[in-house]
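K.L.:
Okay, here's the structure, questions in a sec.
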Amino acid sequence: MPDAAAAAEAQLDDLRRSGLRWLAITFVDHAGAVLVKGVPLARLPQVARHGVGFSPVSDAFGATGLIDPLQTLARPDGDLRLRPDTGALRPLDPAAGWAWAPGVRHERDGTVYRLDQRGFCAAQQGLLEAEGLCVLAGFEIEWMVGLVETAGPWRPAVAGGPYGADRLVEGLDYLTSLAEALEAAGLDWLQLHPEYGAGQFELSLAPGSPLEAADRLVAAKLVIQRVSRRFGWRCSFAPLVSSELVGNGGHLHLSISRAGRPLLSGGTGSAGLTAEGEALLAGLLEQLPALLPLACALAVSYRRLAPGRWAAPFQVWGVENREAALRLIPAAAGEPAQLEFKVADLSANPYLLVGGVLAGMAAALARPCPLPPPVSGDPGAMPAGTVRRLPATLAEAVAAFEASAVLREAMGGELHASVVEARQAEVRRSDGLGEEELIASTRWWPLTDL
Ligand code: GLU
Ligand code: MG
């Protein structure tokens, strides 16, 4: 392995020349919150080699950022070293001098911490690559901007209708600043538009490797939050900010190829899928209930998953069907066919979600099962019992996750068990909260101070 400190030393001059002076090193905890340590950039060589201290207790932080005392990790001792991945280091807000890098937690002996979420994702990517598969991934981010004084009901900060050019014009200064900030952070994107909900926007990030997609999501959320604050607003990535509105999704797009040949198009199977493409879809479909706690981590996530909100709460696949948890988007205009994992929201730890989906894909190829026919039309309008709903509560989803041998094997018993504990803590936190109280408790997710 090349010496991390020497590589960082070589990077330093270039970084300084571009005005960067400080570095935010992040990791995402089990509850989906992005945690951080800042260091002077001059310390990069040292922290690249030895990391900065981070207590393992942070994976016992709950949805409101407080330690849940019943979890195994809720203890005061122990320490880990969070090392920046210098290959993924990028500007965060270069005008303010800040750079950003995703971190990986290591033990003091230099091995990757067995519960590190990004380490898990990287390992799953490596395993699929070793099988000859190439996966490209990209996230869509939906968020809402609201007025800060909103202690009570949701009040959007930007007026204008669903997909409305009026909202684009009302929020043009905001969107211009956002586009500039994304460019300054080196984050390529494909599309930006006003979404259906009041004050809601959507950004599609450019695809990359699965690990890059997860990294980009973390960085892009920080950039969105920064720009929103500059306008005096709060942004919310919560699955649901009001019972009267649609939710915020965090859909994951995937395209898959083997030796340059796409698996999701050009085949003789259903909707042009290849045999391997069919197996991938069938396997993922089967594993959806177990994957759900990785995709939808908050209790309120399951309120978003109501039929009719296009949050795709049905265990079905469909071609261009926006209520299907797995939406196949056929190849068009030079773009490969994509599988949209549509049910996910932004409470997900993207490394756990992407790693879990990759593990599900590997299992699907190893043990192919037949693919049911696609569902067209609204699954919610079909006769009862003809289409399966996904788990309707976090407690139900956690039971499916806990029972999944595929995920336990891929994650390792300890990581798997600690995610179960974290989700059970969220079930306990939300028990007894009424609908409005529950929504209010995470309305500004991931902000918890209002
Ligand atoms: N806002 C919807 C969600 O909660 C998604 C709408 C769409 O992009 O189809 O996921
Ligand atoms: Mg959308």
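Ordering of the structure tokens sets the chain letters (A, B, ...), residue numbers begin anew at 1 in every chain, and ligands are numbered from 1 in the order given.
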What's the 6 Å shell around region 355-360 of chain A, counting only C-alpha atoms, without same-chain residues fewer than 4 positions away, as number ranges by chain?
P.N.:
A: 121, 124, 284, 351
K.L.:
Please dump the current selection as a compact mmCIF listing (two decimals), in the first residue's frame; keep C-alpha atoms.
P.N.:
```txt
# COMPACT_ATOMS: atom_id res chain seq x y z
CA CYS A 121 -19.56 -0.54 1.10
CA GLN A 124 -19.00 -5.14 -1.33
CA LEU A 284 -33.49 -7.64 -5.08
CA TYR A 351 -22.83 3.38 2.63
```
K.L.:
Residues at most 8 Å from ligand 2, using only C-alpha atoms and all ligand atoms? Could they come as a ChimeraX atom specification?
P.N.:
/A:140-142,195-196,202,248-249
K.L.:
Could you please write out, as a JSON list (two decimals) with N, CA and C atoms, in the first residue's frame, every residue of region 224-342 of chain A that DSSP assigns to helix (DSSP H, G or I)?
P.N.:
```json
[["chain", "number", "residue", "atom", "x", "y", "z"],
["A", 224, "ILE", "N", -25.98, 21.64, -0.04],
["A", 224, "ILE", "CA", -27.37, 22.13, -0.04],
["A", 224, "ILE", "C", -27.68, 22.83, 1.29],
["A", 225, "GLN", "N", -27.23, 22.22, 2.37],
["A", 225, "GLN", "CA", -27.48, 22.80, 3.69],
["A", 225, "GLN", "C", -26.80, 24.16, 3.83],
["A", 226, "ARG", "N", -25.57, 24.24, 3.33],
["A", 226, "ARG", "CA", -24.79, 25.48, 3.43],
["A", 226, "ARG", "C", -25.48, 26.60, 2.64],
["A", 227, "VAL", "N", -25.89, 26.29, 1.42],
["A", 227, "VAL", "CA", -26.51, 27.33, 0.58],
["A", 227, "VAL", "C", -27.86, 27.75, 1.20],
["A", 228, "SER", "N", -28.62, 26.79, 1.68],
["A", 228, "SER", "CA", -29.91, 27.12, 2.30],
["A", 228, "SER", "C", -29.72, 28.07, 3.47],
["A", 229, "ARG", "N", -28.71, 27.83, 4.29],
["A", 229, "ARG", "CA", -28.44, 28.71, 5.44],
["A", 229, "ARG", "C", -28.04, 30.10, 4.99],
["A", 230, "ARG", "N", -27.30, 30.17, 3.88],
["A", 230, "ARG", "CA", -26.89, 31.50, 3.38],
["A", 230, "ARG", "C", -28.11, 32.34, 3.02],
["A", 270, "SER", "N", -37.82, -10.46, -20.02],
["A", 270, "SER", "CA", -38.87, -9.48, -19.75],
["A", 270, "SER", "C", -38.32, -8.06, -19.89],
["A", 271, "ALA", "N", -39.02, -7.19, -20.61],
["A", 271, "ALA", "CA", -38.64, -5.78, -20.80],
["A", 271, "ALA", "C", -37.20, -5.61, -21.32],
["A", 272, "GLY", "N", -36.72, -6.61, -22.05],
["A", 272, "GLY", "CA", -35.37, -6.51, -22.65],
["A", 272, "GLY", "C", -34.24, -6.84, -21.69],
["A", 275, "ALA", "N", -30.59, -12.49, -18.97],
["A", 275, "ALA", "CA", -30.88, -13.50, -17.93],
["A", 275, "ALA", "C", -30.32, -13.03, -16.58],
["A", 276, "GLU", "N", -29.11, -12.47, -16.61],
["A", 276, "GLU", "CA", -28.54, -11.98, -15.34],
["A", 276, "GLU", "C", -29.30, -10.77, -14.82],
["A", 277, "GLY", "N", -29.75, -9.94, -15.74],
["A", 277, "GLY", "CA", -30.54, -8.77, -15.34],
["A", 277, "GLY", "C", -31.82, -9.21, -14.65],
["A", 278, "GLU", "N", -32.47, -10.23, -15.19],
["A", 278, "GLU", "CA", -33.70, -10.75, -14.56],
["A", 278, "GLU", "C", -33.39, -11.30, -13.17],
["A", 279, "ALA", "N", -32.28, -12.02, -13.07],
["A", 279, "ALA", "CA", -31.92, -12.59, -11.76],
["A", 279, "ALA", "C", -31.66, -11.48, -10.74],
["A", 280, "LEU", "N", -31.00, -10.40, -11.19],
["A", 280, "LEU", "CA", -30.72, -9.28, -10.28],
["A", 280, "LEU", "C", -32.01, -8.67, -9.75],
["A", 281, "LEU", "N", -32.94, -8.43, -10.66],
["A", 281, "LEU", "CA", -34.21, -7.82, -10.25],
["A", 281, "LEU", "C", -34.99, -8.74, -9.33],
["A", 282, "ALA", "N", -35.03, -10.03, -9.71],
["A", 282, "ALA", "CA", -35.79, -10.99, -8.91],
["A", 282, "ALA", "C", -35.22, -11.08, -7.50],
["A", 283, "GLY", "N", -33.89, -11.15, -7.40],
["A", 283, "GLY", "CA", -33.25, -11.28, -6.10],
["A", 283, "GLY", "C", -33.47, -10.04, -5.24],
["A", 284, "LEU", "N", -33.30, -8.88, -5.85],
["A", 284, "LEU", "CA", -33.49, -7.64, -5.08],
["A", 284, "LEU", "C", -34.94, -7.51, -4.61],
["A", 285, "LEU", "N", -35.84, -7.88, -5.50],
["A", 285, "LEU", "CA", -37.26, -7.80, -5.16],
["A", 285, "LEU", "C", -37.56, -8.65, -3.93],
["A", 286, "GLU", "N", -37.01, -9.86, -3.93],
["A", 286, "GLU", "CA", -37.20, -10.79, -2.82],
["A", 286, "GLU", "C", -36.65, -10.21, -1.52],
["A", 287, "GLN", "N", -35.51, -9.52, -1.64],
["A", 287, "GLN", "CA", -34.82, -9.05, -0.43],
["A", 287, "GLN", "C", -35.27, -7.66, 0.03],
["A", 288, "LEU", "N", -36.20, -7.06, -0.69],
["A", 288, "LEU", "CA", -36.60, -5.69, -0.35],
["A", 288, "LEU", "C", -37.00, -5.49, 1.11],
["A", 289, "PRO", "N", -37.87, -6.37, 1.68],
["A", 289, "PRO", "CA", -38.24, -6.12, 3.08],
["A", 289, "PRO", "C", -37.02, -6.09, 4.00],
["A", 290, "ALA", "N", -36.06, -6.98, 3.75],
["A", 290, "ALA", "CA", -34.87, -7.02, 4.61],
["A", 290, "ALA", "C", -33.98, -5.80, 4.39],
["A", 291, "LEU", "N", -33.97, -5.28, 3.16],
["A", 291, "LEU", "CA", -33.13, -4.11, 2.86],
["A", 291, "LEU", "C", -33.75, -2.81, 3.38],
["A", 292, "LEU", "N", -35.04, -2.87, 3.71],
["A", 292, "LEU", "CA", -35.75, -1.63, 4.03],
["A", 292, "LEU", "C", -35.16, -0.83, 5.19],
["A", 293, "PRO", "N", -34.74, -1.46, 6.29],
["A", 293, "PRO", "CA", -34.17, -0.63, 7.37],
["A", 293, "PRO", "C", -32.87, 0.08, 6.97],
["A", 294, "LEU", "N", -32.21, -0.40, 5.91],
["A", 294, "LEU", "CA", -31.03, 0.30, 5.42],
["A", 294, "LEU", "C", -31.44, 1.46, 4.51],
["A", 295, "ALA", "N", -32.60, 1.35, 3.89],
["A", 295, "ALA", "CA", -33.07, 2.36, 2.94],
["A", 295, "ALA", "C", -33.94, 3.43, 3.60],
["A", 301, "SER", "N", -40.10, 7.37, 8.29],
["A", 301, "SER", "CA", -39.90, 6.91, 6.91],
["A", 301, "SER", "C", -41.12, 6.11, 6.45],
["A", 302, "TYR", "N", -41.70, 5.36, 7.39],
["A", 302, "TYR", "CA", -42.79, 4.44, 7.03],
["A", 302, "TYR", "C", -44.12, 5.18, 6.88],
["A", 303, "ARG", "N", -44.17, 6.45, 7.37],
["A", 303, "ARG", "CA", -45.34, 7.29, 7.08],
["A", 303, "ARG", "C", -45.23, 7.84, 5.66],
["A", 304, "ARG", "N", -44.00, 8.09, 5.23],
["A", 304, "ARG", "CA", -43.80, 8.49, 3.82],
["A", 304, "ARG", "C", -44.27, 7.37, 2.88]]
```
K.L.:
Check which residues fall inside 7 Å of ligand 1 when counting only C-alpha atoms and all ligand atoms, and print them as a list in words.
P.N.:
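If we count only C-alpha atoms and all ligand atoms, the neighbours of ligand 1 turn out to be Glu142, Tyr196, Pro239, Val246, Gly247, Asn248, Gly249, Gly250, His251, Arg304, Arg309, Trp310, Ala311, Arg322, Lys342, Val343 and Asp345 of chain A.
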K.L.:
May I have the residues from that selection written out with all heavy atoms, as a CSV table (one decimal), in the first residue's frame?
P.N.:
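Writing the result to part04.csv gives the following:
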```
chain,number,residue,atom,x,y,z
A,142,GLU,N,-34.1,14.6,-2.8
A,142,GLU,CA,-35.2,15.5,-2.7
A,142,GLU,C,-35.1,16.2,-1.4
A,142,GLU,O,-34.8,15.6,-0.4
A,142,GLU,CB,-36.5,14.7,-2.8
A,142,GLU,CG,-36.7,14.2,-4.2
A,142,GLU,CD,-38.1,13.4,-4.4
A,142,GLU,OE1,-38.6,12.9,-3.3
A,142,GLU,OE2,-38.5,13.2,-5.5
A,196,TYR,N,-42.7,18.0,-6.5
A,196,TYR,CA,-44.1,18.1,-6.3
A,196,TYR,C,-44.6,18.9,-5.0
A,196,TYR,O,-45.5,19.6,-5.0
A,196,TYR,CB,-44.7,16.7,-6.3
A,196,TYR,CG,-46.2,16.6,-6.4
A,196,TYR,CD1,-46.8,16.9,-7.6
A,196,TYR,CD2,-47.0,16.3,-5.3
A,196,TYR,CE1,-48.2,16.8,-7.7
A,196,TYR,CE2,-48.3,16.2,-5.4
A,196,TYR,CZ,-49.0,16.5,-6.6
A,196,TYR,OH,-50.3,16.4,-6.6
A,239,PRO,N,-37.9,12.3,5.7
A,239,PRO,CA,-38.8,11.6,4.8
A,239,PRO,C,-40.2,12.2,4.7
A,239,PRO,O,-40.8,12.2,3.7
A,239,PRO,CB,-38.9,10.2,5.5
A,239,PRO,CG,-37.7,10.1,6.3
A,239,PRO,CD,-37.3,11.5,6.8
A,246,VAL,N,-46.3,15.4,0.2
A,246,VAL,CA,-45.5,14.2,-0.2
A,246,VAL,C,-44.2,14.2,0.6
A,246,VAL,O,-43.8,15.2,1.2
A,246,VAL,CB,-45.2,14.2,-1.7
A,246,VAL,CG1,-46.4,14.0,-2.6
A,246,VAL,CG2,-44.4,15.5,-2.1
A,247,GLY,N,-43.4,13.1,0.5
A,247,GLY,CA,-42.2,13.0,1.3
A,247,GLY,C,-41.0,13.4,0.4
A,247,GLY,O,-41.1,13.7,-0.8
A,248,ASN,N,-39.8,13.3,1.1
A,248,ASN,CA,-38.5,13.4,0.4
A,248,ASN,C,-37.9,12.0,0.2
A,248,ASN,O,-37.7,11.3,1.2
A,248,ASN,CB,-37.6,14.3,1.2
A,248,ASN,CG,-38.0,15.7,1.3
A,248,ASN,OD1,-38.3,16.3,0.3
A,248,ASN,ND2,-38.0,16.3,2.5
A,249,GLY,N,-37.7,11.7,-1.0
A,249,GLY,CA,-37.0,10.4,-1.3
A,249,GLY,C,-35.5,10.6,-1.5
A,249,GLY,O,-35.0,11.8,-1.7
A,250,GLY,N,-34.8,9.5,-1.5
A,250,GLY,CA,-33.4,9.5,-1.8
A,250,GLY,C,-33.1,8.3,-2.7
A,250,GLY,O,-32.4,7.4,-2.3
A,251,HIS,N,-33.6,8.4,-4.0
A,251,HIS,CA,-33.7,7.2,-4.8
A,251,HIS,C,-32.2,6.9,-5.4
A,251,HIS,O,-31.5,7.8,-5.7
A,251,HIS,CB,-34.6,7.5,-6.0
A,251,HIS,CG,-35.9,8.0,-5.6
A,251,HIS,ND1,-36.9,8.4,-6.5
A,251,HIS,CD2,-36.5,8.2,-4.4
A,251,HIS,CE1,-38.0,8.8,-5.9
A,251,HIS,NE2,-37.8,8.7,-4.6
A,304,ARG,N,-44.0,8.1,5.2
A,304,ARG,CA,-43.8,8.5,3.8
A,304,ARG,C,-44.3,7.4,2.9
A,304,ARG,O,-44.8,7.7,1.8
A,304,ARG,CB,-42.3,8.8,3.6
A,304,ARG,CG,-41.9,8.8,2.1
A,304,ARG,CD,-40.5,9.1,1.8
A,304,ARG,NE,-40.1,8.8,0.5
A,304,ARG,CZ,-39.5,7.7,0.1
A,304,ARG,NH1,-39.1,6.7,0.9
A,304,ARG,NH2,-39.2,7.5,-1.2
A,309,ARG,N,-48.2,8.5,-2.8
A,309,ARG,CA,-47.2,9.6,-2.6
A,309,ARG,C,-46.0,9.3,-3.6
A,309,ARG,O,-45.0,10.0,-3.5
A,309,ARG,CB,-46.7,9.6,-1.2
A,309,ARG,CG,-47.6,10.2,-0.2
A,309,ARG,CD,-46.8,10.7,1.0
A,309,ARG,NE,-47.7,11.4,1.9
A,309,ARG,CZ,-48.0,11.0,3.1
A,309,ARG,NH1,-47.5,9.9,3.6
A,309,ARG,NH2,-48.8,11.8,3.9
A,310,TRP,N,-46.1,8.3,-4.4
A,310,TRP,CA,-45.0,8.0,-5.3
A,310,TRP,C,-43.7,7.7,-4.6
A,310,TRP,O,-42.6,7.8,-5.1
A,310,TRP,CB,-44.8,9.1,-6.4
A,310,TRP,CG,-45.9,9.2,-7.3
A,310,TRP,CD1,-47.2,8.6,-7.2
A,310,TRP,CD2,-45.9,9.8,-8.6
A,310,TRP,NE1,-48.0,8.9,-8.3
A,310,TRP,CE2,-47.2,9.6,-9.2
A,310,TRP,CE3,-45.0,10.5,-9.3
A,310,TRP,CZ2,-47.6,10.1,-10.4
A,310,TRP,CZ3,-45.3,11.0,-10.6
A,310,TRP,CH2,-46.6,10.8,-11.1
A,311,ALA,N,-43.9,7.2,-3.4
A,311,ALA,CA,-42.7,6.8,-2.6
A,311,ALA,C,-42.5,5.3,-2.8
A,311,ALA,O,-41.6,4.7,-2.2
A,311,ALA,CB,-42.9,7.1,-1.1
A,322,ARG,N,-43.8,4.5,-11.2
A,322,ARG,CA,-43.3,5.3,-10.1
A,322,ARG,C,-43.9,4.9,-8.7
A,322,ARG,O,-43.5,5.5,-7.7
A,322,ARG,CB,-43.5,6.8,-10.3
A,322,ARG,CG,-42.6,7.3,-11.4
A,322,ARG,CD,-43.0,8.8,-11.8
A,322,ARG,NE,-42.1,9.3,-12.8
A,322,ARG,CZ,-42.2,8.9,-14.1
A,322,ARG,NH1,-43.1,8.1,-14.5
A,322,ARG,NH2,-41.3,9.4,-15.0
A,342,LYS,N,-36.3,2.9,-5.7
A,342,LYS,CA,-37.1,4.1,-5.5
A,342,LYS,C,-37.6,4.3,-4.1
A,342,LYS,O,-38.0,5.4,-3.7
A,342,LYS,CB,-38.3,4.1,-6.5
A,342,LYS,CG,-38.9,5.5,-6.7
A,342,LYS,CD,-39.8,5.4,-7.9
A,342,LYS,CE,-40.3,6.8,-8.2
A,342,LYS,NZ,-41.2,7.4,-7.2
A,343,VAL,N,-37.6,3.2,-3.3
A,343,VAL,CA,-38.2,3.3,-2.0
A,343,VAL,C,-37.4,4.0,-1.0
A,343,VAL,O,-37.9,4.5,0.0
A,343,VAL,CB,-38.6,1.8,-1.6
A,343,VAL,CG1,-37.3,1.0,-1.3
A,343,VAL,CG2,-39.5,1.8,-0.5
A,345,ASP,N,-35.1,6.6,1.2
A,345,ASP,CA,-35.2,8.0,1.6
A,345,ASP,C,-33.8,8.4,2.1
A,345,ASP,O,-32.9,7.6,2.3
A,345,ASP,CB,-36.4,8.4,2.5
A,345,ASP,CG,-36.2,7.8,3.9
A,345,ASP,OD1,-35.1,7.9,4.5
A,345,ASP,OD2,-37.2,7.3,4.4
```
K.L.:
I'd like to know which of A:Ala392, A:Ala48, A:Ala397, A:Leu263 is closest to Ala6 (chain A), using only C-alpha atoms.
P.N.:
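Looking only at the distances to Ala6 (chain A), the closest residue turns out to be A:Ala48.
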K.L.:
Name the closest residue to Pro56 (chain A) among the candidates A:Gly97, A:His106, A:Trp22, A:Phe341; distances are taken between atoms, counting only C-alpha atoms.
P.N.:
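Closest candidate: A:His106.
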K.L.:
Report, in Å to a single decimal, how far apart CA of Thr393 (chain A) and CA of Ala299 (chain A) are.
P.N.:
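Here the two named atoms are 7.1 Å from each other.
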